$ cat run.txt   # compact mmCIF, N, CA and C atoms
# COMPACT_ATOMS: atom_id res chain seq x y z
N ARG A 1 43.28 -8.16 -7.44
CA ARG A 1 43.38 -9.61 -7.44
C ARG A 1 44.76 -10.07 -6.93
N LEU A 2 45.80 -9.35 -7.28
CA LEU A 2 47.13 -9.75 -6.82
C LEU A 2 47.25 -9.64 -5.31
N GLU A 3 46.62 -8.64 -4.72
CA GLU A 3 46.65 -8.50 -3.27
C GLU A 3 46.03 -9.73 -2.60
N LEU A 4 44.90 -10.18 -3.12
CA LEU A 4 44.25 -11.38 -2.56
C LEU A 4 45.11 -12.62 -2.74
N GLU A 5 45.77 -12.72 -3.88
CA GLU A 5 46.65 -13.87 -4.13
C GLU A 5 47.86 -13.85 -3.21
N LEU A 6 48.37 -12.66 -2.89
CA LEU A 6 49.48 -12.55 -1.94
C LEU A 6 49.06 -13.08 -0.57
N ILE A 7 47.87 -12.70 -0.13
CA ILE A 7 47.38 -13.17 1.17
C ILE A 7 47.11 -14.67 1.11
N ARG A 8 46.53 -15.15 0.03
CA ARG A 8 46.17 -16.57 -0.08
C ARG A 8 47.39 -17.47 -0.12
N ARG A 9 48.39 -17.14 -0.93
CA ARG A 9 49.56 -17.99 -1.11
C ARG A 9 50.75 -17.60 -0.24
N GLY A 10 50.75 -16.34 0.22
CA GLY A 10 51.88 -15.88 1.02
C GLY A 10 53.00 -15.28 0.20
N ASN A 11 52.83 -15.26 -1.13
CA ASN A 11 53.82 -14.64 -2.00
C ASN A 11 53.22 -14.42 -3.38
N ILE A 12 53.79 -13.46 -4.11
CA ILE A 12 53.29 -13.17 -5.46
C ILE A 12 54.38 -12.45 -6.26
N PRO A 13 54.57 -12.81 -7.53
CA PRO A 13 55.50 -12.05 -8.37
C PRO A 13 54.87 -10.69 -8.72
N ILE A 14 55.73 -9.70 -8.91
CA ILE A 14 55.19 -8.38 -9.26
C ILE A 14 55.83 -7.84 -10.54
N THR A 15 56.21 -8.76 -11.42
CA THR A 15 56.61 -8.40 -12.78
C THR A 15 55.78 -9.24 -13.74
N ALA A 16 55.62 -8.75 -14.96
CA ALA A 16 54.80 -9.47 -15.95
C ALA A 16 55.38 -10.86 -16.24
N LEU A 17 56.67 -10.94 -16.49
CA LEU A 17 57.28 -12.23 -16.77
C LEU A 17 57.19 -13.14 -15.55
N GLY A 18 57.33 -12.57 -14.37
CA GLY A 18 57.20 -13.35 -13.14
C GLY A 18 55.82 -13.97 -13.01
N LEU A 19 54.78 -13.20 -13.33
CA LEU A 19 53.42 -13.76 -13.29
C LEU A 19 53.26 -14.90 -14.28
N LEU A 20 53.80 -14.73 -15.47
CA LEU A 20 53.69 -15.80 -16.48
C LEU A 20 54.43 -17.06 -16.04
N LYS A 21 55.60 -16.89 -15.41
CA LYS A 21 56.40 -18.04 -14.98
C LYS A 21 55.86 -18.71 -13.73
N MET A 22 55.47 -17.90 -12.75
CA MET A 22 55.09 -18.44 -11.44
C MET A 22 53.60 -18.68 -11.29
N ARG A 23 52.79 -17.87 -11.94
CA ARG A 23 51.34 -17.97 -11.77
C ARG A 23 50.63 -18.07 -13.12
N PRO A 24 50.88 -19.14 -13.87
CA PRO A 24 50.23 -19.30 -15.17
C PRO A 24 48.71 -19.44 -15.04
N ASP A 25 48.21 -19.68 -13.83
CA ASP A 25 46.77 -19.76 -13.61
C ASP A 25 46.11 -18.38 -13.61
N LEU A 26 46.89 -17.31 -13.45
CA LEU A 26 46.32 -15.96 -13.39
C LEU A 26 46.30 -15.25 -14.72
N CYS A 27 47.21 -15.59 -15.62
CA CYS A 27 47.28 -14.89 -16.89
C CYS A 27 47.90 -15.78 -17.96
N LEU A 28 47.46 -15.58 -19.18
CA LEU A 28 47.95 -16.40 -20.29
C LEU A 28 48.94 -15.66 -21.19
N THR A 29 48.86 -14.33 -21.19
CA THR A 29 49.72 -13.55 -22.08
C THR A 29 50.41 -12.44 -21.29
N ARG A 30 51.44 -11.89 -21.89
CA ARG A 30 52.16 -10.78 -21.26
C ARG A 30 51.22 -9.57 -21.08
N ASP A 31 50.33 -9.33 -22.04
CA ASP A 31 49.37 -8.24 -21.89
C ASP A 31 48.46 -8.47 -20.68
N ASP A 32 47.99 -9.72 -20.50
CA ASP A 32 47.17 -10.04 -19.32
C ASP A 32 47.95 -9.75 -18.05
N ALA A 33 49.21 -10.17 -18.02
CA ALA A 33 50.05 -9.96 -16.84
C ALA A 33 50.25 -8.47 -16.57
N ASN A 34 50.55 -7.70 -17.60
CA ASN A 34 50.71 -6.25 -17.44
C ASN A 34 49.44 -5.60 -16.92
N ASN A 35 48.28 -6.05 -17.42
CA ASN A 35 47.00 -5.51 -16.96
C ASN A 35 46.77 -5.82 -15.48
N LEU A 36 47.11 -7.04 -15.05
CA LEU A 36 46.97 -7.39 -13.63
C LEU A 36 47.85 -6.50 -12.76
N ILE A 37 49.06 -6.27 -13.20
CA ILE A 37 49.98 -5.42 -12.43
C ILE A 37 49.47 -3.98 -12.40
N ARG A 38 48.99 -3.47 -13.53
CA ARG A 38 48.46 -2.10 -13.56
C ARG A 38 47.25 -1.93 -12.65
N ALA A 39 46.43 -2.99 -12.54
CA ALA A 39 45.24 -2.93 -11.69
C ALA A 39 45.57 -3.08 -10.20
N SER A 40 46.81 -3.42 -9.91
CA SER A 40 47.26 -3.65 -8.53
C SER A 40 48.21 -2.53 -8.12
N ASN A 41 48.33 -2.36 -6.82
CA ASN A 41 49.30 -1.42 -6.29
C ASN A 41 50.52 -2.11 -5.72
N LEU A 42 50.61 -3.43 -5.86
CA LEU A 42 51.71 -4.16 -5.25
C LEU A 42 53.07 -3.86 -5.84
N ALA A 43 53.12 -3.45 -7.09
CA ALA A 43 54.41 -3.15 -7.72
C ALA A 43 55.03 -1.88 -7.15
N ASP A 44 54.24 -1.07 -6.46
CA ASP A 44 54.74 0.15 -5.82
C ASP A 44 54.81 -0.09 -4.32
N PRO A 45 56.01 -0.29 -3.76
CA PRO A 45 56.14 -0.61 -2.34
C PRO A 45 55.44 0.38 -1.41
N LYS A 46 55.40 1.64 -1.76
CA LYS A 46 54.76 2.63 -0.89
C LYS A 46 53.26 2.38 -0.80
N GLN A 47 52.65 1.93 -1.89
CA GLN A 47 51.22 1.64 -1.89
C GLN A 47 50.93 0.27 -1.29
N SER A 48 51.83 -0.68 -1.48
CA SER A 48 51.61 -2.06 -1.05
C SER A 48 51.25 -2.14 0.42
N LEU A 49 52.00 -1.48 1.25
CA LEU A 49 51.79 -1.60 2.69
C LEU A 49 50.45 -1.02 3.13
N HIS A 50 50.00 0.03 2.50
CA HIS A 50 48.75 0.67 2.91
C HIS A 50 47.54 -0.19 2.55
N LEU A 51 47.68 -1.08 1.60
CA LEU A 51 46.55 -1.91 1.16
C LEU A 51 46.43 -3.20 1.94
N MET A 52 47.46 -3.58 2.64
CA MET A 52 47.46 -4.86 3.33
C MET A 52 46.81 -4.74 4.70
N PRO A 53 46.20 -5.84 5.18
CA PRO A 53 45.67 -5.83 6.56
C PRO A 53 46.77 -5.47 7.54
N GLY A 54 46.40 -4.85 8.65
CA GLY A 54 47.36 -4.30 9.59
C GLY A 54 48.47 -5.22 10.03
N LEU A 55 48.17 -6.47 10.35
CA LEU A 55 49.19 -7.37 10.87
C LEU A 55 50.24 -7.72 9.84
N TRP A 56 49.90 -7.66 8.56
CA TRP A 56 50.87 -8.02 7.53
C TRP A 56 51.74 -6.85 7.10
N ARG A 57 51.34 -5.64 7.43
CA ARG A 57 52.09 -4.48 6.97
C ARG A 57 53.53 -4.49 7.44
N SER A 58 53.76 -5.03 8.62
CA SER A 58 55.12 -5.00 9.15
C SER A 58 55.90 -6.26 8.82
N SER A 59 55.37 -7.07 7.91
CA SER A 59 56.06 -8.31 7.60
C SER A 59 55.96 -8.67 6.12
N ILE A 60 56.31 -7.71 5.26
CA ILE A 60 56.36 -7.97 3.82
C ILE A 60 57.82 -7.88 3.39
N PHE A 61 58.24 -8.88 2.65
CA PHE A 61 59.62 -8.96 2.18
C PHE A 61 59.62 -8.99 0.66
N ILE A 62 60.65 -8.42 0.07
CA ILE A 62 60.76 -8.39 -1.38
C ILE A 62 62.02 -9.14 -1.81
N ALA A 63 61.80 -10.14 -2.64
CA ALA A 63 62.92 -10.90 -3.20
C ALA A 63 63.29 -10.26 -4.52
N ARG A 64 64.58 -9.98 -4.68
CA ARG A 64 65.10 -9.44 -5.94
C ARG A 64 66.09 -10.47 -6.47
N PHE A 65 65.98 -10.77 -7.76
CA PHE A 65 66.83 -11.80 -8.35
C PHE A 65 66.85 -11.65 -9.86
N ARG A 66 67.73 -12.41 -10.48
CA ARG A 66 67.79 -12.47 -11.94
C ARG A 66 67.41 -13.88 -12.36
N ALA A 67 66.59 -13.97 -13.41
CA ALA A 67 66.17 -15.28 -13.91
C ALA A 67 65.63 -15.13 -15.32
N GLY A 68 65.42 -16.24 -15.94
CA GLY A 68 64.90 -16.25 -17.30
C GLY A 68 65.85 -17.02 -18.19
N ASN A 69 65.32 -17.65 -19.17
CA ASN A 69 66.10 -18.57 -20.00
C ASN A 69 67.34 -17.94 -20.61
N GLN A 70 67.20 -16.91 -21.41
CA GLN A 70 68.36 -16.37 -22.12
C GLN A 70 68.79 -15.00 -21.62
N ARG A 71 67.84 -14.15 -21.29
CA ARG A 71 68.18 -12.76 -20.96
C ARG A 71 68.51 -12.54 -19.49
N ASN A 72 68.10 -13.47 -18.62
CA ASN A 72 68.39 -13.32 -17.19
C ASN A 72 67.98 -11.93 -16.68
N THR A 73 66.71 -11.63 -16.75
CA THR A 73 66.22 -10.31 -16.41
C THR A 73 66.01 -10.15 -14.90
N ASN A 74 65.99 -8.91 -14.44
CA ASN A 74 65.73 -8.60 -13.03
C ASN A 74 64.26 -8.85 -12.73
N GLN A 75 64.01 -9.51 -11.60
CA GLN A 75 62.65 -9.86 -11.20
C GLN A 75 62.41 -9.46 -9.75
N LEU A 76 61.13 -9.26 -9.41
CA LEU A 76 60.71 -8.92 -8.05
C LEU A 76 59.57 -9.84 -7.64
N HIS A 77 59.59 -10.27 -6.39
CA HIS A 77 58.57 -11.18 -5.89
C HIS A 77 58.35 -10.85 -4.42
N LEU A 78 57.10 -10.62 -4.02
CA LEU A 78 56.78 -10.30 -2.63
C LEU A 78 56.49 -11.56 -1.83
N PHE A 79 56.93 -11.58 -0.58
CA PHE A 79 56.67 -12.67 0.35
C PHE A 79 56.16 -12.09 1.66
N LEU A 80 55.16 -12.74 2.25
CA LEU A 80 54.72 -12.38 3.59
C LEU A 80 55.57 -13.11 4.60
N GLY A 81 55.75 -12.50 5.78
CA GLY A 81 56.45 -13.18 6.86
C GLY A 81 55.69 -14.42 7.31
N GLU A 82 56.38 -15.32 7.94
CA GLU A 82 55.79 -16.58 8.39
C GLU A 82 55.43 -16.51 9.86
N GLN A 83 54.55 -17.40 10.29
CA GLN A 83 54.15 -17.56 11.68
C GLN A 83 53.75 -16.23 12.32
N MET A 84 52.78 -15.58 11.71
CA MET A 84 52.33 -14.30 12.21
C MET A 84 51.54 -14.49 13.51
N GLU A 85 51.88 -13.72 14.54
CA GLU A 85 51.17 -13.79 15.80
C GLU A 85 50.98 -12.37 16.33
N SER A 86 49.88 -12.16 17.05
CA SER A 86 49.63 -10.85 17.62
C SER A 86 48.93 -10.99 18.96
N ASP A 87 49.28 -10.12 19.89
CA ASP A 87 48.57 -10.08 21.16
C ASP A 87 47.60 -8.90 21.19
N GLY A 88 47.34 -8.28 20.06
CA GLY A 88 46.45 -7.14 19.97
C GLY A 88 47.17 -5.81 20.03
N LEU A 89 48.36 -5.80 20.62
CA LEU A 89 49.15 -4.58 20.72
C LEU A 89 50.38 -4.62 19.83
N ALA A 90 50.98 -5.78 19.75
CA ALA A 90 52.21 -5.93 18.98
C ALA A 90 52.08 -7.16 18.09
N MET A 91 52.94 -7.25 17.12
CA MET A 91 52.89 -8.36 16.18
C MET A 91 54.27 -8.96 16.07
N ALA A 92 54.31 -10.26 16.00
CA ALA A 92 55.59 -10.95 15.81
C ALA A 92 55.48 -11.82 14.57
N GLY A 93 56.44 -11.71 13.70
CA GLY A 93 56.49 -12.52 12.51
C GLY A 93 57.91 -12.95 12.26
N LYS A 94 58.07 -13.89 11.38
CA LYS A 94 59.39 -14.44 11.10
C LYS A 94 59.67 -14.25 9.62
N PRO A 95 60.82 -13.70 9.26
CA PRO A 95 61.12 -13.55 7.83
C PRO A 95 61.26 -14.92 7.17
N PRO A 96 60.94 -14.99 5.89
CA PRO A 96 61.11 -16.27 5.20
C PRO A 96 62.59 -16.63 5.11
N ARG A 97 62.88 -17.93 5.20
CA ARG A 97 64.26 -18.38 5.05
C ARG A 97 64.69 -18.22 3.60
N LEU A 98 65.91 -17.75 3.39
CA LEU A 98 66.41 -17.53 2.04
C LEU A 98 66.32 -18.80 1.20
N GLU A 99 66.62 -19.95 1.78
CA GLU A 99 66.56 -21.20 1.03
C GLU A 99 65.12 -21.54 0.64
N ASP A 100 64.14 -21.22 1.51
CA ASP A 100 62.73 -21.46 1.17
C ASP A 100 62.29 -20.54 0.02
N VAL A 101 62.74 -19.30 0.06
CA VAL A 101 62.44 -18.36 -1.02
C VAL A 101 63.03 -18.89 -2.33
N ARG A 102 64.29 -19.29 -2.30
CA ARG A 102 64.95 -19.81 -3.50
C ARG A 102 64.20 -21.05 -4.04
N THR A 103 63.83 -21.95 -3.15
CA THR A 103 63.12 -23.16 -3.57
C THR A 103 61.78 -22.82 -4.22
N THR A 104 61.04 -21.91 -3.61
CA THR A 104 59.75 -21.50 -4.19
C THR A 104 59.95 -20.90 -5.57
N LEU A 105 60.92 -20.01 -5.70
CA LEU A 105 61.15 -19.36 -6.99
C LEU A 105 61.63 -20.35 -8.06
N GLU A 106 62.51 -21.24 -7.70
CA GLU A 106 63.07 -22.17 -8.69
C GLU A 106 62.10 -23.28 -9.07
N ARG A 107 61.42 -23.84 -8.08
CA ARG A 107 60.54 -24.99 -8.35
C ARG A 107 59.10 -24.61 -8.63
N GLY A 108 58.69 -23.43 -8.22
CA GLY A 108 57.29 -23.03 -8.40
C GLY A 108 56.41 -23.71 -7.38
N TYR A 109 55.15 -23.86 -7.73
CA TYR A 109 54.16 -24.43 -6.83
C TYR A 109 53.80 -25.84 -7.29
N PRO A 110 53.78 -26.80 -6.38
CA PRO A 110 53.47 -28.18 -6.76
C PRO A 110 52.09 -28.32 -7.45
N ASP A 111 51.15 -27.47 -7.08
CA ASP A 111 49.80 -27.58 -7.66
C ASP A 111 49.64 -26.79 -8.96
N LEU A 112 50.70 -26.09 -9.41
CA LEU A 112 50.64 -25.33 -10.66
C LEU A 112 51.71 -25.87 -11.61
N GLU A 113 51.31 -26.80 -12.42
CA GLU A 113 52.23 -27.42 -13.36
C GLU A 113 52.87 -26.37 -14.27
N GLY A 114 54.18 -26.47 -14.43
CA GLY A 114 54.90 -25.54 -15.30
C GLY A 114 55.32 -24.27 -14.61
N SER A 115 55.00 -24.10 -13.33
CA SER A 115 55.41 -22.88 -12.65
C SER A 115 56.86 -23.01 -12.17
N GLY A 116 57.49 -21.89 -11.93
CA GLY A 116 58.87 -21.89 -11.44
C GLY A 116 59.83 -21.37 -12.49
N TRP A 117 60.95 -20.82 -12.02
CA TRP A 117 61.94 -20.20 -12.88
C TRP A 117 63.05 -21.15 -13.31
N GLY A 118 63.23 -22.25 -12.59
CA GLY A 118 64.46 -23.00 -12.77
C GLY A 118 65.50 -22.31 -11.90
N GLU A 119 66.66 -22.08 -12.41
CA GLU A 119 67.72 -21.45 -11.62
C GLU A 119 67.51 -19.95 -11.50
N VAL A 120 67.72 -19.42 -10.27
CA VAL A 120 67.72 -17.97 -10.06
C VAL A 120 69.11 -17.55 -9.60
N GLN A 121 69.47 -16.33 -9.91
CA GLN A 121 70.80 -15.82 -9.57
C GLN A 121 70.67 -14.52 -8.80
N ASP A 122 71.71 -14.21 -8.03
CA ASP A 122 71.81 -12.93 -7.31
C ASP A 122 70.59 -12.66 -6.44
N LEU A 123 70.11 -13.67 -5.73
CA LEU A 123 68.92 -13.54 -4.89
C LEU A 123 69.23 -12.77 -3.62
N THR A 124 68.43 -11.73 -3.37
CA THR A 124 68.45 -11.02 -2.09
C THR A 124 67.01 -10.90 -1.62
N VAL A 125 66.84 -10.91 -0.31
CA VAL A 125 65.51 -10.72 0.28
C VAL A 125 65.62 -9.55 1.24
N ASP A 126 64.82 -8.53 0.99
CA ASP A 126 64.86 -7.31 1.80
C ASP A 126 63.51 -7.08 2.45
N PHE A 127 63.51 -6.30 3.49
CA PHE A 127 62.34 -5.99 4.29
C PHE A 127 61.70 -4.71 3.77
N LEU A 128 60.38 -4.70 3.64
CA LEU A 128 59.66 -3.46 3.31
C LEU A 128 59.21 -2.82 4.61
N HIS A 129 59.63 -1.60 4.84
CA HIS A 129 59.23 -0.90 6.06
C HIS A 129 58.73 0.48 5.67
N GLU A 130 57.47 0.74 5.96
CA GLU A 130 56.84 2.01 5.62
C GLU A 130 57.03 2.36 4.15
N GLY A 131 56.98 1.33 3.30
CA GLY A 131 57.09 1.56 1.87
C GLY A 131 58.49 1.74 1.35
N ILE A 132 59.48 1.56 2.23
CA ILE A 132 60.87 1.71 1.83
C ILE A 132 61.52 0.34 1.90
N ILE A 133 62.29 0.00 0.89
CA ILE A 133 63.00 -1.27 0.90
C ILE A 133 64.23 -1.11 1.77
N ALA A 134 64.26 -1.85 2.87
CA ALA A 134 65.38 -1.81 3.80
C ALA A 134 66.22 -3.06 3.60
N ASP A 135 67.49 -2.87 3.28
CA ASP A 135 68.35 -4.02 3.04
C ASP A 135 68.43 -4.91 4.27
N ALA A 136 68.26 -6.18 4.04
CA ALA A 136 68.43 -7.18 5.09
C ALA A 136 69.71 -7.94 4.78
N SER A 137 70.36 -8.42 5.80
CA SER A 137 71.58 -9.17 5.57
C SER A 137 71.63 -10.37 6.48
N ALA A 138 72.63 -11.20 6.29
CA ALA A 138 72.81 -12.39 7.14
C ALA A 138 72.97 -11.96 8.60
N ASP A 139 73.50 -10.78 8.85
CA ASP A 139 73.68 -10.31 10.22
C ASP A 139 72.35 -9.98 10.91
N ASP A 140 71.30 -9.77 10.10
CA ASP A 140 70.01 -9.41 10.66
C ASP A 140 69.26 -10.61 11.25
N GLY A 141 69.70 -11.81 10.96
CA GLY A 141 69.03 -12.98 11.51
C GLY A 141 69.37 -14.22 10.71
N ASP A 142 69.23 -15.33 11.37
CA ASP A 142 69.53 -16.61 10.74
C ASP A 142 68.62 -16.91 9.55
N ASP A 143 67.41 -16.40 9.58
CA ASP A 143 66.46 -16.76 8.54
C ASP A 143 66.82 -16.22 7.18
N LEU A 144 67.52 -15.10 7.11
CA LEU A 144 67.88 -14.55 5.83
C LEU A 144 69.29 -14.97 5.40
N ALA A 145 69.91 -15.83 6.16
CA ALA A 145 71.25 -16.31 5.83
C ALA A 145 71.21 -17.38 4.77

$ encode --input "run.txt" --output "C-alpha cells"
Amino acid sequence: RLELELIRRGNIPITALGLLKMRPDLCLTRDDANNLIRASNLADPKQSLHLMPGLWRSSIFIARFRAGNQRNTNQLHLFLGEQMESDGLAMAGKPPRLEDVRTTLERGYPDLEGSGWGEVQDLTVDFLHEGIIADASADDGDDLA
C-alpha cells in the first residue's frame, strides 16, 4: 500500500511516527503504522528501487530530518522526482526543490487535516541510486540548494 501511495502522492514517510504525522488517513495507531511499514519494502532502499516502475527507479530521493514535539527524532521520507519524461531510451527527471520538501514536511497536505510536522530541523535530501543513498549537495544542482 505504501508503494501505491508513493506513486499517487509523489512522496511517503517511511517511519511509523512519520506515517502518523503526515498520513493520518492511512493509520490510526503506531501499531498500524508499524504494520504498514513491515508489509512494505520502502523502508529498505535496496528493495525500494526494485519495486518501483522503471521510470521512477532513477528518480527517488530520501529526505532525512529531525522533527517531533519534544524528542526531535530522526525521520525519513521518500520523494519522487518531478517532471518525469522519457523518450523510451532515457529518462529525465528533476529533483524536488529543498524548499518544496521542507514545505511539504512542515505543512503537510492541504486535503489531510492535521498532517504535517510543524518545524523540521537538519533537513537533507539525498538521491537513491541502485539502492544506495548518494549524498546530494547544493553543488549538485540548484534544486537541492

$ closest_residue --input "run.txt" --among "A:Arg1, A:Arg71, A:Arg23, A:Arg66" --to "Ile37 in chain A" --atoms "only C-alpha atoms"
A:Arg1

$ closest_residue --input "run.txt" --among "A:Ser115, A:Gly108, A:Gln121, A:Ala39" --to "Leu20 in chain A" --atoms "only N, CA and C atoms"
A:Ser115

$ closest_residue --input "run.txt" --among "A:Glu5, A:Asp25, A:Asp111, A:Glu119" --to "Gly68 in chain A" --atoms "only C-alpha atoms"
A:Glu119

$ atom_distance --input "run.txt" --atom1 "atom N of Phe79 in chain A" --atom2 "CA of Asn11 in chain A"
4.6 Å

$ atom_distance --input "run.txt" --atom1 "CA of Ile14 in chain A" --atom2 "atom C of Leu2 in chain A"
9.0 Å

$ axis_aligned_box --input "run.txt" --around "range 16-27 of chain A" --padding-each-side "3 Å" --output "AutoDock Vina command-line options"
--center_x 51.7 --center_y -14.3 --center_z -14.6 --size_x 17.2 --size_y 17.0 --size_z 12.7

$ atom_distance --input "run.txt" --atom1 "atom N of Thr104 in chain A" --atom2 "CA of Leu4 in chain A"
19.8 Å

$ closest_residue --input "run.txt" --among "A:Glu106, A:Ala67, A:Ala43, A:Asp100" --to "Asp122 in chain A" --atoms "all atoms listed in the file"
A:Ala67
